[in-house]
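Content type compact mmCIF, C-alpha atoms and all ligand atoms, from the file structure.txt:
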```txt
# COMPACT_ATOMS: atom_id res chain seq x y z
CA MET T 1 95.10 99.61 52.40
CA VAL T 2 94.38 100.86 55.92
CA ALA T 3 94.84 98.31 58.68
CA GLU T 4 91.63 97.54 60.53
CA ILE T 5 93.09 95.59 63.37
CA ARG T 6 95.03 97.69 65.83
CA SER T 7 96.38 97.17 69.28
CA LEU T 8 94.62 99.05 72.06
CA PRO T 9 96.60 101.54 74.12
CA GLN T 10 98.42 99.93 77.04
CA ASP T 11 96.31 101.45 79.81
CA THR T 12 93.10 100.47 78.02
CA LYS T 13 94.34 96.90 77.78
CA ARG T 14 95.16 96.86 81.46
CA ARG T 15 91.83 98.28 82.50
CA LEU T 16 89.93 95.86 80.31
CA SER T 17 91.56 92.92 82.00
CA SER T 18 90.98 94.43 85.46
CA ALA T 19 87.33 94.93 84.65
CA GLN T 20 87.12 91.18 83.93
CA VAL T 21 88.12 90.35 87.49
CA ALA T 22 86.21 93.09 89.25
CA VAL T 23 83.07 93.06 87.15
CA THR T 24 80.47 94.34 89.57
CA ALA T 25 80.47 95.79 93.08
CA ASP T 26 79.24 92.50 94.57
CA ASN T 27 82.12 90.80 92.85
CA VAL T 28 84.59 93.19 94.49
CA VAL T 29 83.05 92.43 97.90
CA LYS T 30 83.27 88.70 97.13
CA GLU T 31 86.99 88.93 96.34
CA LEU T 32 87.71 90.84 99.55
CA VAL T 33 85.61 88.49 101.68
CA GLU T 34 87.33 85.48 100.10
CA ASN T 35 90.71 86.94 101.00
CA SER T 36 89.53 87.46 104.55
CA GLY T 37 88.23 83.92 104.65
CA THR T 38 91.60 82.38 103.87
CA THR T 39 93.31 84.12 106.77
CA SER T 40 93.29 82.28 110.08
CA SER T 41 91.52 83.22 113.28
CA THR T 42 89.93 81.08 115.97
CA GLN T 43 86.84 83.23 116.37
CA PHE T 44 86.52 84.49 112.87
CA ARG T 45 84.70 87.76 112.38
CA ILE T 46 84.06 89.77 109.27
CA ASP T 47 82.32 93.10 108.72
CA VAL T 48 81.20 94.43 105.37
CA VAL T 49 80.07 98.02 104.81
CA VAL T 50 78.79 99.45 101.53
CA ARG T 51 77.68 102.98 100.77
CA ASN T 52 75.77 103.95 97.63
CA ALA T 53 75.82 100.43 96.21
CA GLY T 54 79.52 100.25 96.98
CA LEU T 55 80.24 102.97 94.49
CA ASP T 56 81.25 105.65 96.98
CA PHE T 57 82.65 103.37 99.61
CA LEU T 58 82.95 99.73 100.50
CA SER T 59 84.97 98.06 103.18
CA VAL T 60 85.73 94.59 104.49
CA ARG T 61 87.25 94.08 107.92
CA ASP T 62 88.47 90.80 109.35
CA ASN T 63 90.18 89.68 112.55
CA GLY T 64 92.56 87.38 110.69
CA SER T 65 96.33 87.14 110.69
CA GLY T 66 97.02 90.49 109.00
CA VAL T 67 99.63 91.36 106.39
CA SER T 68 103.25 91.79 107.48
CA VAL T 69 105.36 94.87 106.77
CA VAL T 70 107.36 92.96 104.14
CA ASP T 71 104.28 91.64 102.37
CA ALA T 72 102.27 94.85 102.28
CA PRO T 73 104.16 96.47 99.35
CA GLU T 74 103.57 93.29 97.30
CA MET T 75 99.94 92.54 98.00
CA MET T 76 98.41 94.95 95.48
CA LYS T 77 100.77 94.18 92.60
CA GLN T 78 99.74 92.11 89.65
CA HIS T 79 100.24 88.34 89.99
CA THR T 80 101.36 88.50 93.58
CA THR T 81 99.95 85.91 95.93
CA SER T 82 100.91 84.11 99.10
CA LYS T 83 99.04 81.08 97.87
CA LEU T 84 101.44 79.71 95.31
CA ARG T 85 105.13 79.91 94.63
CA SER T 86 105.60 78.30 91.25
CA TYR T 87 103.95 77.01 88.14
CA GLU T 88 103.98 73.52 89.72
CA ASP T 89 102.01 74.83 92.71
CA LEU T 90 99.48 76.22 90.32
CA ALA T 91 98.36 72.72 89.39
CA HIS T 92 97.49 72.06 93.04
CA VAL T 93 95.55 75.20 93.77
CA GLN T 94 94.03 75.87 90.36
CA SER T 95 90.75 74.39 91.48
CA TYR T 96 90.40 77.22 94.01
CA GLY T 97 90.95 79.76 91.28
CA PHE T 98 93.82 81.74 92.78
CA ARG T 99 95.17 84.23 90.30
CA GLY T 100 96.91 86.71 92.55
CA GLU T 101 95.31 89.63 90.80
CA ALA T 102 92.09 90.43 92.60
CA LEU T 103 93.51 93.28 94.67
CA HIS T 104 95.50 94.61 91.76
CA SER T 105 92.37 94.74 89.61
CA ILE T 106 90.35 96.41 92.35
CA ALA T 107 93.03 99.08 92.75
CA ASP T 108 93.00 99.64 89.01
CA ILE T 109 89.28 100.34 88.77
CA SER T 110 88.78 102.40 91.92
CA GLY T 111 89.77 105.85 93.08
CA ALA T 112 91.68 104.75 96.16
CA VAL T 113 92.34 101.57 98.12
CA THR T 114 93.45 101.80 101.74
CA VAL T 115 94.62 98.81 103.74
CA THR T 116 94.93 98.91 107.51
CA THR T 117 96.48 95.78 108.86
CA ARG T 118 98.07 94.37 111.97
CA THR T 119 99.72 91.02 112.56
CA ARG T 120 99.86 89.28 115.92
CA ASN T 121 103.40 90.40 116.77
CA GLU T 122 102.89 94.07 116.10
CA MET T 123 102.13 96.76 118.68
CA ALA T 124 100.05 98.86 116.29
CA ALA T 125 98.47 98.62 112.86
CA ARG T 126 99.89 100.13 109.70
CA VAL T 127 97.78 102.00 107.20
CA TYR T 128 98.75 101.97 103.53
CA LYS T 129 97.21 103.92 100.71
CA PHE T 130 97.70 102.44 97.22
CA ASP T 131 97.57 104.03 93.78
CA ARG T 132 95.99 102.52 90.65
CA VAL T 133 98.97 100.39 89.76
CA GLY T 134 99.14 98.95 93.27
CA LYS T 135 102.04 100.99 94.59
CA ILE T 136 102.03 102.39 98.13
CA VAL T 137 101.66 106.18 98.02
CA SER T 138 101.45 106.83 101.75
CA GLU T 139 101.76 104.89 104.96
CA GLY T 140 101.43 105.44 108.66
CA THR T 141 100.68 103.88 112.01
CA ILE T 142 97.24 103.64 113.56
CA SER T 143 95.57 101.87 116.45
CA MET T 144 93.58 98.77 115.46
CA SER T 145 93.32 95.23 116.76
CA GLU T 146 94.77 92.27 114.84
CA GLY T 147 93.42 91.72 111.35
CA THR T 148 92.90 93.54 108.08
CA PHE T 149 90.60 96.35 107.06
CA ILE T 150 90.38 97.10 103.32
CA LYS T 151 88.59 100.21 102.17
CA VAL T 152 87.72 100.88 98.52
CA GLU T 153 86.60 104.35 97.47
CA LYS T 154 85.08 105.59 94.23
CA LEU T 155 84.65 102.19 92.64
CA PHE T 156 84.52 102.22 88.82
CA SER T 157 85.30 105.94 88.76
CA ASN T 158 87.35 105.31 85.61
CA VAL T 159 85.03 102.75 83.99
CA ALA T 160 81.83 104.74 83.40
CA VAL T 161 79.80 101.89 81.95
CA ARG T 162 80.49 99.61 84.91
CA ARG T 163 79.52 102.42 87.26
CA GLU T 164 76.17 102.81 85.54
CA ILE T 165 75.49 99.08 85.72
CA ALA T 166 76.49 98.89 89.38
CA ALA T 167 74.02 101.64 90.28
CA THR T 168 70.97 99.82 88.89
CA ALA T 169 68.38 98.43 91.33
CA LYS T 170 69.05 94.92 90.04
CA ALA T 171 72.77 95.17 90.70
CA VAL T 172 72.19 96.58 94.19
CA ALA T 173 69.78 93.75 95.06
CA LYS T 174 72.27 91.20 93.75
CA MET T 175 75.01 92.68 95.88
CA GLU T 176 72.91 92.64 99.04
CA LYS T 177 72.05 89.00 98.43
CA ARG T 178 75.68 88.14 97.75
CA ILE T 179 76.88 89.86 100.91
CA ARG T 180 74.32 87.98 102.97
CA GLU T 181 75.43 84.69 101.44
CA LEU T 182 79.10 85.47 101.93
CA VAL T 183 78.95 86.53 105.54
CA THR T 184 76.59 83.80 106.66
CA ALA T 185 78.38 81.00 104.78
N1 LIG N 1 92.30 90.06 104.42
C1 LIG N 1 93.55 89.63 104.22
N2 LIG N 1 94.28 89.12 105.25
C2 LIG N 1 95.55 88.68 105.04
N3 LIG N 1 96.19 88.71 103.85
C3 LIG N 1 95.53 89.21 102.79
C4 LIG N 1 94.17 89.70 102.91
N4 LIG N 1 93.76 90.14 101.69
C5 LIG N 1 94.81 89.93 100.86
N5 LIG N 1 95.86 89.37 101.50
C6 LIG N 1 97.16 89.01 100.89
O1 LIG N 1 97.28 89.66 99.62
C7 LIG N 1 97.55 88.70 98.59
C8 LIG N 1 96.94 89.18 97.29
O2 LIG N 1 95.51 89.11 97.32
P1 LIG N 1 94.72 88.88 95.96
O3 LIG N 1 93.26 88.74 96.27
O4 LIG N 1 95.12 89.94 94.99
O5 LIG N 1 95.32 87.52 95.42
P2 LIG N 1 94.96 86.04 95.85
O6 LIG N 1 93.88 86.00 96.87
O7 LIG N 1 96.26 85.39 96.22
O8 LIG N 1 94.44 85.44 94.47
P3 LIG N 1 93.06 85.87 93.68
O9 LIG N 1 93.44 86.84 92.63
O10 LIG N 1 92.59 84.59 93.11
O11 LIG N 1 92.13 86.44 94.69
C9 LIG N 1 96.98 87.40 99.12
O12 LIG N 1 97.62 86.28 98.53
C10 LIG N 1 97.29 87.51 100.62
O13 LIG N 1 98.62 87.14 100.89
MG MG N 2 92.06 86.94 96.59
```
Please lay out the structure from this file as structure tokens.
Amino acid sequence: MVAEIRSLPQDTKRRLSSAQVAVTADNVVKELVENSGTTSSTQFRIDVVVRNAGLDFLSVRDNGSGVSVVDAPEMMKQHTTSKLRSYEDLAHVQSYGFRGEALHSIADISGAVTVTTRTRNEMAARVYKFDRVGKIVSEGTISMSEGTFIKVEKLFSNVAVRREIAATAKAVAKMEKRIRELVTA
């Protein structure tokens, strides 16, 4: 008898679970804006830019506390978060839904993710380019004021069906509405 139930290839499994977190372009923007929203700043400011329904380019820039040099290599990995330290902590923050996998999932389903970030004590910002598994592939120094600027290119380039959905008029309208809600909240 031929077995009907088979395990999916590892990379398919990974991408399936990533596509659950980053379901649509508006969802990706939401995750990035939420991250920005949890970083502190007295006069909080956030800028969102989307091009071609977010499929070619989307970016979220905040003037928050930035990501330090030691934290940057960790931020895009799976199950990394600054919001909890242990299983016990999980009970406290579960209601906020922290999973520590939003950025990892976004990296997985896009062509390239670039993070430019500067903390208060630094003289310049650092720019990191990440690959699909969330590893830094290049880094450098650039001039930018305090905060974080995350740029996502070629969203869903490896998940064709999601790309098609994201390009529909309905999805675009939903994203515009979501962005308005997020930035005016
Ligand atoms: N705009 C930002 N400013 C400062 N730190 C950030 C920013 N975006 C991400 N980070 C850091 O990267 C970590 C990983 O972000 P990610 O969204 O993947 O996980 P999370 O927010 O902890 O949990 P969730 O998966 O529920 O969103 C965050 O915990 C935070 O430390
Ligand atoms: Mg997050």
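Identified as lying at most 10 Å from ligand MG 2 (chain N) when counting all atoms listed in the file are the residues T:Val28, T:Lys30, T:Glu31, T:Leu32, T:Val33, T:Glu34, T:Asn35, T:Ser36, T:Gly37, T:Thr38, T:Met75, T:Thr80, T:Thr81, T:Ser82, T:Lys83, T:Gly97, T:Phe98, T:Arg99, T:Gly100, T:Glu101, T:Ala102, T:Leu103, T:His104.
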### Query
What residues have an atom no more than 12 Å from (97.6, 98.4, 101.1) in the file's own frame, counting all atoms listed in the file, and can you write them as a ChimeraX atom specification?
/T:66-77,103-104,106-107,112-118,125-140,148-152
For the residues in that selection, give me C-alpha atoms as a PDB file, in the frame of the given file.
```pdb
ATOM      1  CA  GLY T  66      97.020  90.490 109.000  1.00  0.00           C
ATOM      2  CA  VAL T  67      99.630  91.360 106.390  1.00  0.00           C
ATOM      3  CA  SER T  68     103.250  91.790 107.480  1.00  0.00           C
ATOM      4  CA  VAL T  69     105.360  94.870 106.770  1.00  0.00           C
ATOM      5  CA  VAL T  70     107.360  92.960 104.140  1.00  0.00           C
ATOM      6  CA  ASP T  71     104.280  91.640 102.370  1.00  0.00           C
ATOM      7  CA  ALA T  72     102.270  94.850 102.280  1.00  0.00           C
ATOM      8  CA  PRO T  73     104.160  96.470  99.350  1.00  0.00           C
ATOM      9  CA  GLU T  74     103.570  93.290  97.300  1.00  0.00           C
ATOM     10  CA  MET T  75      99.940  92.540  98.000  1.00  0.00           C
ATOM     11  CA  MET T  76      98.410  94.950  95.480  1.00  0.00           C
ATOM     12  CA  LYS T  77     100.770  94.180  92.600  1.00  0.00           C
ATOM     13  CA  LEU T 103      93.510  93.280  94.670  1.00  0.00           C
ATOM     14  CA  HIS T 104      95.500  94.610  91.760  1.00  0.00           C
ATOM     15  CA  ILE T 106      90.350  96.410  92.350  1.00  0.00           C
ATOM     16  CA  ALA T 107      93.030  99.080  92.750  1.00  0.00           C
ATOM     17  CA  ALA T 112      91.680 104.750  96.160  1.00  0.00           C
ATOM     18  CA  VAL T 113      92.340 101.570  98.120  1.00  0.00           C
ATOM     19  CA  THR T 114      93.450 101.800 101.740  1.00  0.00           C
ATOM     20  CA  VAL T 115      94.620  98.810 103.740  1.00  0.00           C
ATOM     21  CA  THR T 116      94.930  98.910 107.510  1.00  0.00           C
ATOM     22  CA  THR T 117      96.480  95.780 108.860  1.00  0.00           C
ATOM     23  CA  ARG T 118      98.070  94.370 111.970  1.00  0.00           C
ATOM     24  CA  ALA T 125      98.470  98.620 112.860  1.00  0.00           C
ATOM     25  CA  ARG T 126      99.890 100.130 109.700  1.00  0.00           C
ATOM     26  CA  VAL T 127      97.780 102.000 107.200  1.00  0.00           C
ATOM     27  CA  TYR T 128      98.750 101.970 103.530  1.00  0.00           C
ATOM     28  CA  LYS T 129      97.210 103.920 100.710  1.00  0.00           C
ATOM     29  CA  PHE T 130      97.700 102.440  97.220  1.00  0.00           C
ATOM     30  CA  ASP T 131      97.570 104.030  93.780  1.00  0.00           C
ATOM     31  CA  ARG T 132      95.990 102.520  90.650  1.00  0.00           C
ATOM     32  CA  VAL T 133      98.970 100.390  89.760  1.00  0.00           C
ATOM     33  CA  GLY T 134      99.140  98.950  93.270  1.00  0.00           C
ATOM     34  CA  LYS T 135     102.040 100.990  94.590  1.00  0.00           C
ATOM     35  CA  ILE T 136     102.030 102.390  98.130  1.00  0.00           C
ATOM     36  CA  VAL T 137     101.660 106.180  98.020  1.00  0.00           C
ATOM     37  CA  SER T 138     101.450 106.830 101.750  1.00  0.00           C
ATOM     38  CA  GLU T 139     101.760 104.890 104.960  1.00  0.00           C
ATOM     39  CA  GLY T 140     101.430 105.440 108.660  1.00  0.00           C
ATOM     40  CA  THR T 148      92.900  93.540 108.080  1.00  0.00           C
ATOM     41  CA  PHE T 149      90.600  96.350 107.060  1.00  0.00           C
ATOM     42  CA  ILE T 150      90.380  97.100 103.320  1.00  0.00           C
ATOM     43  CA  LYS T 151      88.590 100.210 102.170  1.00  0.00           C
ATOM     44  CA  VAL T 152      87.720 100.880  98.520  1.00  0.00           C
TER      45      VAL T 152
END
```
### Option closest in space to Met123 of chain T, from T:Ser105, T:Glu153, T:Ile142, T:Asn52 [counting all atoms listed in the file]
T:Ile142
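With atom CA of Asp56 of chain T on one side and atom CA of Ser157 of chain T on the other, the separation reads 9.2 Å.
Restricting the calculation to only C-alpha atoms and all ligand atoms, the smallest distance between ligand LIG 1 (chain N) and any of T:Arg178, T:Arg120, T:Arg162, T:Lys170 is found for T:Arg120.
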### Message
Taking (85.2, 102.8, 85.6) as a centre in this file's frame and 12 Å as the limit, can you find every polymer residue with an atom that close, using all atoms listed in the file, and give them as a PyMOL selection string?
### Response
chain T and resi 12+15-16+18-20+22-25+55+105-111+132+154-166
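The gap separating atom CA of Glu176 of chain T from atom C5 of ligand LIG 1 (chain N) is 22.1 Å, in Å to one decimal.
Going from atom CA of Ala169 of chain T to atom CA of Asp26 of chain T covers 12.8 Å.
Each of T:Gln43, T:Ser17, T:Ser65, T:Gln10 was compared to ligand LIG 1 (chain N) using all atoms listed in the file, and T:Ser65 turns out to be the nearest.
If all atoms listed in the file are the atoms counted, then among T:Met144, T:Ala3, T:Ala171, T:Val183 the closest residue to Gly54 of chain T is T:Ala171.
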### Given all atoms listed in the file as the counted atoms, nearest of T:Arg45, T:Arg6, T:Arg51, T:Lys13 to ligand LIG 1 (chain N)
T:Arg45
### Query
Using only C-alpha atoms, which of T:Glu181, T:Ile46, T:Val29, T:Ala53 sits nearest Thr168 of chain T?
T:Ala53
Taking all listed atoms of segment 37-43 of chain T, build the axis-aligned box, pad each of the six sides by 6 Å, then write its centre and edge lengths in Å to one decimal as AutoDock Vina command-line options.
```
--center_x 90.1 --center_y 82.6 --center_z 110.1 --size_x 18.5 --size_y 15.0 --size_z 24.5
```
Could you add the missing atoms to segment 135-150 of chain T, up to N, CA and C atoms, and return them as an mmCIF file, keeping the file's coordinate frame?
```cif
data_model
loop_
_atom_site.group_PDB
_atom_site.id
_atom_site.type_symbol
_atom_site.label_atom_id
_atom_site.label_comp_id
_atom_site.auth_asym_id
_atom_site.auth_seq_id
_atom_site.Cartn_x
_atom_site.Cartn_y
_atom_site.Cartn_z
ATOM 1 N N LYS T 135 100.852 100.541 93.867
ATOM 2 C CA LYS T 135 102.040 100.990 94.590
ATOM 3 C C LYS T 135 101.613 101.778 95.831
ATOM 4 N N ILE T 136 102.359 101.631 96.917
ATOM 5 C CA ILE T 136 102.030 102.390 98.130
ATOM 6 C C ILE T 136 102.363 103.863 97.913
ATOM 7 N N VAL T 137 101.391 104.746 98.176
ATOM 8 C CA VAL T 137 101.660 106.180 98.020
ATOM 9 C C VAL T 137 101.793 106.879 99.370
ATOM 10 N N SER T 138 101.216 106.270 100.416
ATOM 11 C CA SER T 138 101.450 106.830 101.750
ATOM 12 C C SER T 138 101.264 105.735 102.778
ATOM 13 N N GLU T 139 101.945 105.883 103.893
ATOM 14 C CA GLU T 139 101.760 104.890 104.960
ATOM 15 C C GLU T 139 101.951 105.525 106.320
ATOM 16 N N GLY T 140 101.334 104.908 107.309
ATOM 17 C CA GLY T 140 101.430 105.440 108.660
ATOM 18 C C GLY T 140 101.064 104.380 109.671
ATOM 19 N N THR T 141 101.003 104.806 110.926
ATOM 20 C CA THR T 141 100.680 103.880 112.010
ATOM 21 C C THR T 141 99.360 104.306 112.622
ATOM 22 N N ILE T 142 98.552 103.337 113.008
ATOM 23 C CA ILE T 142 97.240 103.640 113.560
ATOM 24 C C ILE T 142 96.879 102.547 114.567
ATOM 25 N N SER T 143 95.968 102.869 115.461
ATOM 26 C CA SER T 143 95.570 101.870 116.450
ATOM 27 C C SER T 143 94.438 101.010 115.911
ATOM 28 N N MET T 144 94.636 99.709 115.884
ATOM 29 C CA MET T 144 93.580 98.770 115.460
ATOM 30 C C MET T 144 93.977 97.394 115.987
ATOM 31 N N SER T 145 92.988 96.568 116.292
ATOM 32 C CA SER T 145 93.320 95.230 116.760
ATOM 33 C C SER T 145 93.756 94.364 115.573
ATOM 34 N N GLU T 146 94.231 93.162 115.865
ATOM 35 C CA GLU T 146 94.770 92.270 114.840
ATOM 36 C C GLU T 146 93.769 92.008 113.710
ATOM 37 N N GLY T 147 94.271 92.001 112.493
ATOM 38 C CA GLY T 147 93.420 91.720 111.350
ATOM 39 C C GLY T 147 93.656 92.711 110.220
ATOM 40 N N THR T 148 92.739 92.700 109.272
ATOM 41 C CA THR T 148 92.900 93.540 108.080
ATOM 42 C C THR T 148 91.592 94.261 107.748
ATOM 43 N N PHE T 149 91.740 95.520 107.405
ATOM 44 C CA PHE T 149 90.600 96.350 107.060
ATOM 45 C C PHE T 149 90.897 96.971 105.692
ATOM 46 N N ILE T 150 90.129 96.576 104.678
ATOM 47 C CA ILE T 150 90.380 97.100 103.320
ATOM 48 C C ILE T 150 89.222 98.003 102.912
#
```
